[in-house]
Amino acid sequence: MTAARGTIADQAVDVKLHIRRLVKNFGDTEVLKALDLDVSDGEFLTLLGPSGSGKTTLLRIIAGFENVTSGEMRIGDTDLRSLTPSERQLGMVFQNYALFPHMTVADNVAYGLNVRKVRGPKRDRRVAEMLEIVGLEHLRDRKPAQLSGGQQQRVALARALAYEPEILLMDEPLGALDRSLRLQMETEIKRVHRQIGTTVIYVTHDQEEALVLSDRVAIMSQGNFAGLDTPMQLFRNPPNSFVAKFFSDSN
Ligand code: ADP
């Protein structure tokens with residue numbers, strides 16, 4: 001169900017990811033300060049904020065690459081803190097999360113399916129379906145080095161989505177692309193999200209990208225959420241001076 005999409009998702013129904021009082025310390029520094037967050041099933045949520053505000057740390061904690069200092073983090077009834085990254089069933093598209101250079105496009109997309117023991121015709125159908133969704137069927141036998149940056153990110157997206165992850169995590173996936181390609185990929189990501197309906201948590205410091213893509217935006221400042229709402233609400237009715245200044249500075 002995606003009924004709560006685009007709304008404040010505080011109801012128990014339809015919540016995909018549930019986070020309460022999440023704290024992360026690095027040494028003596030509290031980098032995430034008792035965060036509360038519910039992400040709805042099918043929602044596209046973006047973490048937006050200045051460098052050092054805690055966006056990547058929060059994403060890495062959800063992915064399982066960093067431990068939680070304290071607090072709760074669940075998908076449904078499953079406590080994520082007890083699971084390794086691969087047990088969490090999350091898809092990842094990170095700027096530096098490279099494709100396997102020695103494998104073809106199709107084999108890259110099939111990788112996650114093989115790991116999860118989806119084999120044979122079922123796997124091949126799924127790979128073909130994902131390549132069609134990202135418009136790369138004709139390049140299925142190429143190696144990553146023979147693709148443009150935008151095409152490589154499309155393969156990474158297809159690979160991450162192929163095994164139907166609980167949540168797709170994306171950290172600055174378009175950061176390395178030039179502006180026109182970025183705009184094109186924004187459209188692509190939005191279309192794929194509409195088509196597949198996966199829950200997405202997306203990290204960027206690019207305000208325009210966040211406003212275009214997201215159902216809701218969490219604006220981070222020094223390990224807190226300074227604002228958490230639909231892009232329209234945050235832009236038109238900033239809840240505090242930090243959010244207002246953040247938008248006016250970035251314009
Ligand atoms: P953002 O993604 O918003 O740029 P980060 O989550 O990368 O912010 O960083 C938040 C804060 O945590 C920063 O002050 C950063 O220096 C600190 N930090 C991140 N990773 C580590 C680490 N492994 N060890 C110590 N401090 C870290």
# chains A, B, ... in the order shown; residues from 1 in each chain; ligands from 1

call {"tool": "residues_near_ligand", "arguments": {"ligand": "ligand 1", "cutoff": "12 Å", "atoms": "only C-alpha atoms and all ligand atoms", "output": "JSON, numbers by chain"}}
result
{"A": [23, 24, 25, 26, 27, 28, 29, 30, 31, 32, 33, 46, 47, 48, 49, 50, 51, 52, 53, 54, 55, 56, 57, 58, 59, 60, 61, 65, 66, 67, 170, 171, 172, 202, 203, 204, 205, 206, 218, 219, 220, 221, 222, 223, 224, 225]}

call {"tool": "residues_around", "arguments": {"residues": "A:Ser148", "least_positions_apart": "6", "cutoff": "12 Å", "atoms": "only C-alpha atoms", "output": "PDB file with C-alpha atoms, in the first residue's frame"}}
result
ATOM      1  CA  LEU A 136      19.510  -0.756 -21.349  1.00  0.00           C
ATOM      2  CA  LEU A 139      23.684  -2.905 -23.915  1.00  0.00           C
ATOM      3  CA  ARG A 142      28.732  -4.672 -22.660  1.00  0.00           C
ATOM      4  CA  ARG A 154      21.308   2.975 -14.583  1.00  0.00           C
ATOM      5  CA  VAL A 155      22.952  -0.456 -14.320  1.00  0.00           C
ATOM      6  CA  ALA A 176      29.683  12.522 -10.370  1.00  0.00           C
ATOM      7  CA  LEU A 177      27.521  13.404 -13.388  1.00  0.00           C
ATOM      8  CA  ASP A 178      27.387  16.686 -15.281  1.00  0.00           C
ATOM      9  CA  LEU A 181      22.942  14.161 -17.365  1.00  0.00           C
TER      10      LEU A 181
END

call {"tool": "select_by_dssp", "arguments": {"residues": "stretch 145-246 of chain A", "states": "helix (DSSP H, G or I)", "output": "ChimeraX atom specification"}}
result
/A:145-146,149-162,179-196,207-213,231-236,241-246

call {"tool": "closest_residue", "arguments": {"among": "A:Glu164, A:Asp36, A:Asp229, A:Glu132", "to": "A:Ser214", "atoms": "only C-alpha atoms"}}
result
A:Asp229
